[in-house]
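Student: Here you go, start_3.txt (compact mmCIF, C-alpha atoms and all ligand atoms):
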# COMPACT_ATOMS: atom_id res chain seq x y z
CA MET A 11 -32.61 216.51 231.39
CA SER A 12 -33.66 218.42 228.30
CA CYS A 13 -34.79 216.58 225.21
CA THR A 14 -31.72 217.63 223.16
CA CYS A 15 -29.52 216.22 225.86
CA LEU A 16 -31.40 212.93 225.92
CA MET A 17 -31.17 212.75 222.20
CA VAL A 18 -27.44 213.27 222.08
CA LEU A 19 -26.89 210.71 224.80
CA GLN A 20 -28.83 208.23 222.70
CA LEU A 21 -26.91 209.17 219.59
CA ILE A 22 -23.47 208.69 221.02
CA GLY A 23 -24.22 206.10 223.65
CA LEU A 24 -25.12 206.81 227.22
CA GLY A 25 -22.29 207.92 229.46
CA GLN A 26 -19.79 208.10 226.63
CA ASP A 27 -17.76 211.27 226.40
CA VAL A 28 -17.95 213.50 223.40
CA ASP A 29 -14.53 213.27 221.85
CA TYR A 30 -12.94 216.31 220.22
CA LYS A 31 -11.23 214.42 217.41
CA LYS A 32 -14.09 212.03 216.70
CA HIS A 33 -17.12 214.28 217.14
CA ILE A 34 -16.20 217.97 217.20
CA ALA A 35 -13.30 218.47 214.78
CA PRO A 36 -15.29 216.95 211.87
CA ILE A 37 -18.17 219.40 212.44
CA LEU A 38 -15.87 222.40 212.63
CA SER A 39 -13.88 221.33 209.58
CA SER A 40 -16.91 220.71 207.36
CA LYS A 41 -19.11 223.58 208.57
CA CYS A 42 -16.85 226.35 209.84
CA ASN A 43 -13.36 226.14 208.46
CA SER A 44 -14.17 227.58 205.05
CA CYS A 45 -14.21 230.90 206.92
CA HIS A 46 -12.44 230.22 210.23
CA THR A 47 -9.07 228.83 209.25
CA ALA A 48 -5.57 229.91 210.15
CA LYS A 49 -4.21 228.17 207.08
CA LYS A 50 -4.27 231.10 204.77
CA LYS A 51 -4.21 230.27 201.09
CA GLU A 52 -3.75 233.83 199.92
CA SER A 53 -1.23 235.79 201.90
CA ASP A 54 -3.65 238.50 203.00
CA LYS A 55 -6.48 236.20 204.03
CA LYS A 56 -7.24 236.16 207.74
CA PRO A 57 -9.73 233.91 209.55
CA LYS A 58 -13.15 235.56 209.99
CA ALA A 59 -13.41 237.48 213.26
CA GLY A 60 -9.75 236.50 213.84
CA LEU A 61 -11.10 233.14 214.92
CA ALA A 62 -9.39 229.97 213.70
CA LEU A 63 -11.46 226.89 214.43
CA ASP A 64 -9.27 224.36 212.66
CA THR A 65 -6.81 223.71 215.47
CA PRO A 66 -7.17 223.22 219.24
CA THR A 67 -4.85 226.14 219.85
CA GLY A 68 -6.82 228.37 217.50
CA ILE A 69 -10.08 227.47 219.22
CA ARG A 70 -8.58 227.90 222.65
CA SER A 71 -7.10 231.28 221.92
CA GLY A 72 -10.26 232.59 220.25
CA GLY A 73 -11.97 233.42 223.55
CA VAL A 74 -15.10 231.55 222.45
CA LEU A 75 -14.99 228.77 225.02
CA ASP A 76 -16.01 228.73 228.65
CA PRO A 77 -15.15 225.11 229.45
CA GLY A 78 -17.89 223.54 231.55
CA ASP A 79 -20.52 226.07 230.50
CA ALA A 80 -21.81 225.91 226.95
CA SER A 81 -24.50 228.51 227.56
CA SER A 82 -21.86 231.17 228.15
CA SER A 83 -19.55 229.99 225.36
CA GLU A 84 -19.72 232.01 222.15
CA LEU A 85 -18.89 228.87 220.19
CA TYR A 86 -22.16 227.29 221.35
CA ILE A 87 -24.26 230.46 221.51
CA ARG A 88 -23.57 231.26 217.85
CA VAL A 89 -24.60 227.81 216.59
CA SER A 90 -27.71 227.54 218.76
CA LEU A 91 -29.41 230.80 217.72
CA PRO A 92 -32.77 230.76 215.89
CA LYS A 93 -32.58 230.06 212.13
CA ASN A 94 -33.24 233.66 211.14
CA ALA A 95 -30.85 235.30 213.61
CA ASP A 96 -28.24 237.58 212.05
CA ASP A 97 -25.48 236.21 214.28
CA LEU A 98 -26.18 232.54 213.52
CA MET A 99 -23.11 230.43 212.65
CA PRO A 100 -22.69 229.21 210.02
CA PRO A 101 -24.63 232.12 208.51
CA SER A 102 -28.01 230.91 207.21
CA ASP A 103 -27.03 231.64 203.60
CA ASP A 104 -23.71 229.83 204.07
CA GLY A 105 -24.62 226.39 205.33
CA GLY A 106 -26.36 227.30 208.62
CA PRO A 107 -27.83 226.19 210.87
CA LEU A 108 -26.12 223.04 212.09
CA SER A 109 -28.22 219.94 212.67
CA THR A 110 -29.77 219.41 216.10
CA LYS A 111 -27.35 216.55 216.65
CA GLU A 112 -24.31 218.67 215.82
CA VAL A 113 -25.47 221.45 218.13
CA ALA A 114 -26.11 218.95 220.91
CA LEU A 115 -22.66 217.41 220.50
CA ILE A 116 -21.01 220.82 220.75
CA LYS A 117 -23.08 221.62 223.85
CA LYS A 118 -22.17 218.39 225.61
CA TRP A 119 -18.52 218.68 224.68
CA ILE A 120 -18.28 222.18 226.19
CA ASP A 121 -20.39 221.30 229.23
CA ASP A 122 -18.03 218.37 229.86
CA GLY A 123 -15.04 220.72 229.94
CA ALA A 124 -14.15 221.19 226.24
CA LYS A 125 -11.25 218.77 226.43
CA PHE A 126 -9.06 218.22 223.41
CA SER A 127 -7.68 214.93 224.70
CA SER A 128 -7.71 212.74 227.79
CA GLY A 129 -4.79 214.72 229.20
CA SER A 130 -3.24 211.84 231.11
CA GLY A 131 0.06 212.15 229.27
CA GLU A 132 0.19 208.36 228.92
CA ALA A 133 0.18 208.46 225.14
CA LEU A 134 3.05 210.91 224.93
CA GLY A 135 5.95 208.52 225.14
CA LYS A 136 9.44 209.40 226.28
CA ILE A 137 11.21 212.67 225.75
CA PRO A 138 14.23 211.83 223.56
CA ALA A 139 17.40 211.94 225.65
CA ASP A 140 19.45 213.46 222.85
CA LEU A 141 17.18 216.47 222.35
CA ASP A 142 19.10 219.74 222.21
CA ALA A 143 18.49 223.35 221.20
CA ARG A 144 19.89 222.97 217.68
CA LYS A 145 17.85 219.88 217.00
CA VAL A 146 14.70 221.56 218.29
CA LYS A 147 15.30 224.61 216.14
CA SER A 148 15.57 222.53 212.99
CA MET A 149 12.39 220.59 213.76
CA PRO A 150 9.34 221.73 211.76
CA ALA A 151 6.92 223.67 213.97
CA ARG A 152 3.83 221.66 213.12
CA GLU A 153 0.47 221.82 214.80
CA PRO A 154 1.39 221.23 218.45
CA ASN A 155 0.55 217.86 219.94
CA ALA A 156 -2.91 218.22 221.50
CA ASP A 157 -2.21 215.46 224.01
CA ALA A 158 0.95 217.19 225.18
CA ILE A 159 -0.91 220.47 225.59
CA ALA A 160 -3.71 218.83 227.53
CA HIS A 161 -1.12 217.08 229.69
CA LEU A 162 0.65 220.37 230.49
CA GLU A 163 -2.67 222.07 231.15
CA GLY A 164 -3.41 219.22 233.53
CA LEU A 165 -0.22 220.29 235.33
CA GLY A 166 -1.62 223.80 235.66
CA ALA A 167 0.13 225.42 232.70
CA THR A 168 -1.52 228.04 230.53
CA ILE A 169 -0.61 227.60 226.89
CA ASN A 170 -1.49 230.03 224.14
CA PRO A 171 -0.43 230.71 220.60
CA VAL A 172 1.61 233.90 220.48
CA SER A 173 -0.56 235.05 217.57
CA VAL A 174 -3.76 233.89 215.94
CA THR A 175 -2.09 233.61 212.56
CA LEU A 176 0.77 231.52 213.99
CA PRO A 177 -1.11 228.91 215.98
CA GLU A 178 1.90 226.60 216.07
CA TYR A 179 4.08 229.01 218.10
CA LEU A 180 3.22 228.88 221.77
CA SER A 181 3.78 230.63 225.05
CA VAL A 182 3.84 228.56 228.25
CA GLU A 183 3.28 229.98 231.71
CA TRP A 184 2.10 229.03 235.15
CA ILE A 185 -0.12 231.85 236.27
CA SER A 186 -1.51 230.91 239.65
CA THR A 187 0.17 227.60 240.48
CA TYR A 188 3.79 228.70 239.89
CA TYR A 189 4.74 228.02 243.52
CA LYS A 190 4.07 224.30 243.04
CA ILE A 191 6.03 223.92 239.84
CA THR A 192 9.31 222.00 239.96
CA ASP A 193 11.86 220.79 237.42
CA LYS A 194 9.68 217.73 236.84
CA GLU A 195 6.73 219.67 235.48
CA ILE A 196 9.02 221.98 233.53
CA GLU A 197 10.62 218.99 231.80
CA GLN A 198 7.20 218.14 230.35
CA ILE A 199 7.41 221.26 228.17
CA LEU A 200 9.87 219.28 226.05
CA HIS A 201 6.93 217.37 224.57
CA ILE A 202 6.15 220.55 222.63
CA ALA A 203 9.75 221.79 222.40
CA ALA A 204 9.52 222.73 218.72
CA ASN A 205 6.50 224.96 219.37
CA VAL A 206 7.52 226.95 222.44
CA VAL A 207 8.81 230.46 221.81
CA GLU A 208 7.91 232.12 225.13
CA ALA A 209 8.23 230.63 228.60
CA ASP A 210 7.29 232.35 231.84
CA LEU A 211 8.75 230.30 234.69
CA SER A 212 8.93 233.17 237.15
CA ARG A 213 8.58 232.30 240.82
CA THR A 214 8.54 228.56 240.11
CA LYS A 215 10.78 226.13 242.02
CA ILE A 216 13.01 225.64 238.99
CA THR A 217 16.66 224.86 239.82
CA ASN A 218 19.90 224.96 237.86
CA GLU A 219 19.21 221.30 236.99
CA GLY A 220 15.81 222.22 235.57
CA LEU A 221 17.36 224.85 233.34
CA LYS A 222 18.95 221.98 231.40
CA HIS A 223 15.47 221.26 230.05
CA VAL A 224 14.89 224.91 229.24
CA GLY A 225 18.27 225.00 227.47
CA LYS A 226 16.84 222.59 224.90
CA LEU A 227 14.01 224.89 223.86
CA GLY A 228 15.87 226.11 220.80
CA ARG A 229 13.08 228.41 219.57
CA LEU A 230 12.74 230.45 222.77
CA THR A 231 12.70 234.19 222.21
CA HIS A 232 11.29 235.20 225.63
CA LEU A 233 12.28 233.67 228.94
CA ASN A 234 11.16 234.85 232.35
CA LEU A 235 12.99 233.38 235.36
CA ASN A 236 12.45 236.20 237.80
CA ARG A 237 12.53 235.37 241.50
CA THR A 238 13.68 231.79 241.01
CA ALA A 239 16.62 230.17 242.81
CA ILE A 240 18.66 229.71 239.66
CA GLY A 241 22.29 230.87 239.42
CA ASP A 242 25.30 230.93 237.14
CA LYS A 243 25.46 227.14 236.77
CA GLY A 244 21.95 227.21 235.39
CA ILE A 245 22.68 230.00 232.92
CA GLU A 246 25.51 227.85 231.49
CA ALA A 247 22.83 225.38 230.41
CA LEU A 248 21.16 228.12 228.35
CA ALA A 249 24.19 228.81 226.14
CA ASP A 250 22.53 227.41 223.00
CA LEU A 251 19.38 229.56 223.20
CA GLN A 252 20.60 231.82 220.45
CA SER A 253 17.18 233.23 219.55
CA LEU A 254 16.59 234.89 222.93
CA GLU A 255 15.38 238.48 222.68
CA TRP A 256 14.03 239.05 226.17
CA LEU A 257 15.40 237.61 229.38
CA ASN A 258 14.23 238.38 232.90
CA LEU A 259 16.65 237.32 235.65
CA TYR A 260 15.49 239.78 238.27
CA GLY A 261 15.78 238.44 241.82
CA THR A 262 17.89 235.39 240.89
CA LYS A 263 21.30 234.34 242.21
CA ILE A 264 23.28 235.10 239.11
CA THR A 265 26.57 237.02 239.21
CA ASP A 266 29.00 238.56 236.72
CA ALA A 267 30.02 234.99 235.85
CA SER A 268 26.88 234.70 233.71
CA MET A 269 27.65 237.77 231.60
CA PRO A 270 29.81 236.00 228.96
CA ILE A 271 26.90 233.67 228.11
CA ILE A 272 24.37 236.49 227.96
CA ALA A 273 26.79 238.60 225.91
CA LYS A 274 26.53 236.02 223.13
CA TYR A 275 22.79 236.45 222.64
CA ARG A 276 23.11 238.58 219.53
CA ASP A 277 19.36 239.22 219.23
CA LEU A 278 18.86 240.23 222.85
CA LYS A 279 16.75 243.36 223.19
CA ALA A 280 16.23 243.44 226.95
CA VAL A 281 17.67 241.77 230.01
CA TYR A 282 16.55 242.38 233.60
CA LEU A 283 19.22 242.00 236.27
CA TRP A 284 17.81 244.00 239.12
CA ASN A 285 18.23 242.47 242.57
CA THR A 286 20.99 240.07 241.52
CA ALA A 287 24.69 240.02 242.41
CA VAL A 288 25.65 241.39 239.00
CA THR A 289 27.95 244.39 239.50
CA SER A 290 28.18 247.59 237.49
CA ASN A 291 31.34 246.11 235.97
CA GLY A 292 29.32 243.15 234.83
CA VAL A 293 26.76 245.46 233.28
CA SER A 294 29.38 247.48 231.41
CA THR A 295 30.91 244.33 229.92
CA LEU A 296 27.46 243.39 228.72
CA ARG A 297 26.79 246.90 227.38
CA LYS A 298 29.91 246.73 225.31
CA ALA A 299 28.96 243.38 223.85
CA LEU A 300 25.31 244.29 223.27
CA PRO A 301 25.15 248.05 222.72
CA GLU A 302 21.56 247.93 221.45
CA ALA A 303 20.11 245.92 224.31
CA LYS A 304 18.24 247.39 227.22
CA ILE A 305 20.01 246.30 230.40
CA VAL A 306 18.11 246.91 233.59
CA ARG A 307 20.01 246.58 236.84
CA ASP A 308 19.43 249.65 238.96
CA THR A 309 16.39 250.50 240.98
CA ASP A 310 16.25 253.74 238.99
CA ASP A 311 16.00 251.87 235.71
CA ARG A 312 13.36 249.78 237.27
CA ALA A 313 11.21 252.70 238.31
CA GLY A 314 8.24 253.17 236.07
CA ARG A 315 8.81 249.79 234.50
CA PHE A 316 7.51 247.46 237.16
CA ASP A 317 4.99 249.59 238.93
CA ASN A 318 3.59 246.64 240.75
CA LEU A 319 6.39 244.61 242.26
CA ASP A 320 4.17 241.60 242.68
CA ASP A 321 3.68 241.46 238.99
CA PRO A 322 6.76 242.82 237.28
CA GLY A 323 5.63 243.40 233.71
CA LYS A 324 5.57 240.16 231.87
CA PHE A 325 7.14 240.38 228.48
CA ASP A 326 7.05 244.15 228.15
CA PHE A 327 9.99 245.83 226.47
C1 LIG B 1 -19.37 231.88 205.47
C2 LIG B 1 -18.39 232.18 206.46
C3 LIG B 1 -18.57 231.63 207.84
C4 LIG B 1 -18.84 230.33 208.23
C5 LIG B 1 -19.06 229.12 207.36
C6 LIG B 1 -18.82 230.34 209.67
N1 LIG B 1 -18.55 231.60 210.15
FE1 LIG B 1 -18.38 232.16 212.09
N2 LIG B 1 -18.06 234.10 211.53
C7 LIG B 1 -18.04 234.55 210.23
C8 LIG B 1 -17.89 236.00 210.22
C9 LIG B 1 -17.82 236.87 208.99
C10 LIG B 1 -17.83 236.40 211.58
C11 LIG B 1 -17.67 237.82 212.10
C12 LIG B 1 -18.99 238.55 212.10
C13 LIG B 1 -19.83 238.12 213.23
O1 LIG B 1 -19.38 238.17 214.38
O2 LIG B 1 -20.98 237.72 212.98
C14 LIG B 1 -17.95 235.18 212.37
C15 LIG B 1 -17.94 235.15 213.75
C16 LIG B 1 -18.02 233.99 214.51
C17 LIG B 1 -17.96 233.94 215.94
C18 LIG B 1 -17.80 235.11 216.86
C19 LIG B 1 -16.36 235.35 217.12
C20 LIG B 1 -16.12 236.40 218.15
O3 LIG B 1 -14.96 236.56 218.50
O4 LIG B 1 -17.09 237.04 218.58
C21 LIG B 1 -18.07 232.64 216.31
C22 LIG B 1 -18.03 232.05 217.72
C23 LIG B 1 -18.20 231.86 215.10
N3 LIG B 1 -18.16 232.71 214.02
C24 LIG B 1 -18.32 230.50 215.08
C25 LIG B 1 -18.56 229.78 213.93
C26 LIG B 1 -18.79 228.34 213.94
C27 LIG B 1 -18.76 227.46 215.19
C28 LIG B 1 -18.99 227.98 212.66
C29 LIG B 1 -19.32 226.60 212.14
C30 LIG B 1 -20.29 225.85 212.86
C31 LIG B 1 -18.88 229.18 211.83
N4 LIG B 1 -18.61 230.24 212.65
C32 LIG B 1 -19.01 229.21 210.46
C33 LIG B 1 -18.13 233.78 209.09
C34 LIG B 1 -18.40 232.41 209.07
Take the structure in the file and give it back as structure tokens.
Tutor:
Amino acid sequence: MSCTCLMVLQLIGLGQDVDYKKHIAPILSSKCNSCHTAKKKESDKKPKAGLALDTPTGIRSGGVLDPGDASSSELYIRVSLPKNADDLMPPSDDGGPLSTKEVALIKKWIDDGAKFSSGSGEALGKIPADLDARKVKSMPAREPNADAIAHLEGLGATINPVSVTLPEYLSVEWISTYYKITDKEIEQILHIAANVVEADLSRTKITNEGLKHVGKLGRLTHLNLNRTAIGDKGIEALADLQSLEWLNLYGTKITDASMPIIAKYRDLKAVYLWNTAVTSNGVSTLRKALPEAKIVRDTDDRAGRFDNLDDPGKFDF
């Protein structure tokens, strides 16, 4: 055990975890956020290095954390450099370096997994039964609930802000554990319903029942359901998702019966229907209703778009 490590254990009490809210957020807000904030005061001000350290999502999306390994995490490397190093954070003429205690806390927090909350989901409470797409859309998109994000990450989800300057708008996807994901896990997204704008549920075990949860995500602009078992009944549950711009239904069980619902998505820019039971008649009805939208049904249309069938382009237009 190194001496810094001993010291920090003594400072915070042996065996006690370093807590993000209690120990880390105060350091970042007093020592870093003058430069690394997403909350722009002037309209053209961006966080330094595009790195916002004032929210969990900003930190997570900054690519500066390697949870479990402080020594390879830029967030720790930059604060632990020698006093006179050019790359030291905060810069030596702007408040740097941090105290030994602060550096040690950051190290232990990252080494312990860089958790933003306990992640058990216990503190989250119930999802309101009367939640619906309209309600969600009128809810303010505040800083997403860190406990809810940790809980979803505990269920294998990957959650990222769609842009560094909009840390409250999130994408949710299951990258490697999709095959285990059922309606139950998908329902948990509703804890951050007001924040989710993109959802990749492709290849999950979602059913038509599960789409009722998705149908409440009133801010969704991108939805990927490719190669799931959903069908027309499920699409009915999505009728209120009026912000959808991109919808991938490739390899699902939908038929022409879903076209009237899709035809009402006025902002739709692309819909993927390849390998479904949708007929060319169905496609022409849709084309008439949405002349601007890209409608992909034929293998020919598909060619050059999804080069790798195992990974049909995510949200590419
Ligand atoms: C006075 C402004 C200022 C303060 C305060 C400041 N930074 Fe920075 N930071 C910058 C600038 C400018 C850059 C980009 C130039 C560079 O990489 O050195 C940067 C870059 C970084 C990077 C590299 C980002 C990347 O993507 O490579 C990290 C990590 C970082 N800062 C962390 C911190 C931490 C942690 C704190 C507080 C303990 C902090 N900074 C305080 C201005 C600041």
Student: Which residues come within 7 Å of range 86-88 of chain A, counting only C-alpha atoms, excluding same-chain residues fewer than 2 positions away, as a ChimeraX atom specification?
Tutor: /A:80-81,83-84,90-91,97-99,116-117
Student: Could you check how far CA of Lys118 in chain A sits from CA of Ile37 in chain A, in Å to one decimal?
Tutor: 13.8 Å
Student: What box, with edges along x, y and z, holds each listed atom of ligand LIG 1 (chain B) when 4 Å is added on every side, and can you state its centre and edge lengths in Å to one decimal, as AutoDock Vina command-line options?
Tutor:
--center_x -18.0 --center_y 232.2 --center_z 212.0 --size_x 14.0 --size_y 20.7 --size_z 21.1
Student: Show me which residues sit within 9 Å of ligand LIG 1 (chain B) when counting all atoms listed in the file, and put them as a ChimeraX atom specification.
Tutor: /A:37-46,57-61,63,72-75,83-89,96-108,112-113,116
Student: For Pro177 in chain A, list every protein, DNA or RNA residue within 12 Å, evaluated using all atoms listed in the file, and leave out those in the same chain fewer than 2 positions away; present the list as JSON, numbers by chain.
Tutor: {"A": [47, 48, 49, 50, 57, 60, 61, 62, 63, 64, 65, 66, 67, 68, 69, 70, 71, 72, 151, 152, 153, 154, 155, 169, 170, 171, 172, 173, 174, 175, 179, 180, 181, 205, 206, 207]}
Student: Would you be able to write out as a list in words which residues have an atom within 12 Å of (28.0, 245.4, 238.6) in the file's coordinates, counting all atoms listed in the file?
Tutor: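 The answer, in the requested form, is Ile264, Thr265, Asp266, Ala267, Ser268, Met269, Leu283, Trp284, Asn285, Thr286, Ala287, Val288, Thr289, Ser290, Asn291, Gly292, Val293, Ser294, Thr295, Leu296, Arg297, Ile305, Val306, Arg307 and Asp308 of chain A.
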Student: What does the structure give for the distance between CA of His161 in chain A and CA of Asn236 in chain A, in Å to one decimal?
Tutor: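 Going from CA of His161 in chain A over to CA of Asn236 in chain A covers 24.8 Å.
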Student: Need the shell around range 28-31 of chain A: protein/DNA/RNA residues with any atom at most 9 Å away, counting all atoms listed in the file. Skip same-chain ones fewer than 4 positions apart. Format as a PyMOL selection string?
Tutor: chain A and resi 22+35-36+115-116+118-119+122+124-127
Student: What is the CA of Tyr282 in chain A to CA of Lys304 in chain A distance in Å?
Tutor: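 Result for CA of Tyr282 in chain A versus CA of Lys304 in chain A: 8.3 Å, one decimal.
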Student: Report as a PyMOL selection string all protein, DNA and RNA residues lying within 9 Å of Ser148 in chain A, evaluated on all atoms listed in the file, omitting residues in the same chain fewer than 3 positions from it.
Tutor: chain A and resi 143-145+151+204+228
Student: Here is a test: counting only C-alpha atoms, which residue of A:Pro92, A:Gly225, A:Gly164, A:Gly241 is nearest to Glu195 in chain A?
Tutor: A:Gly164
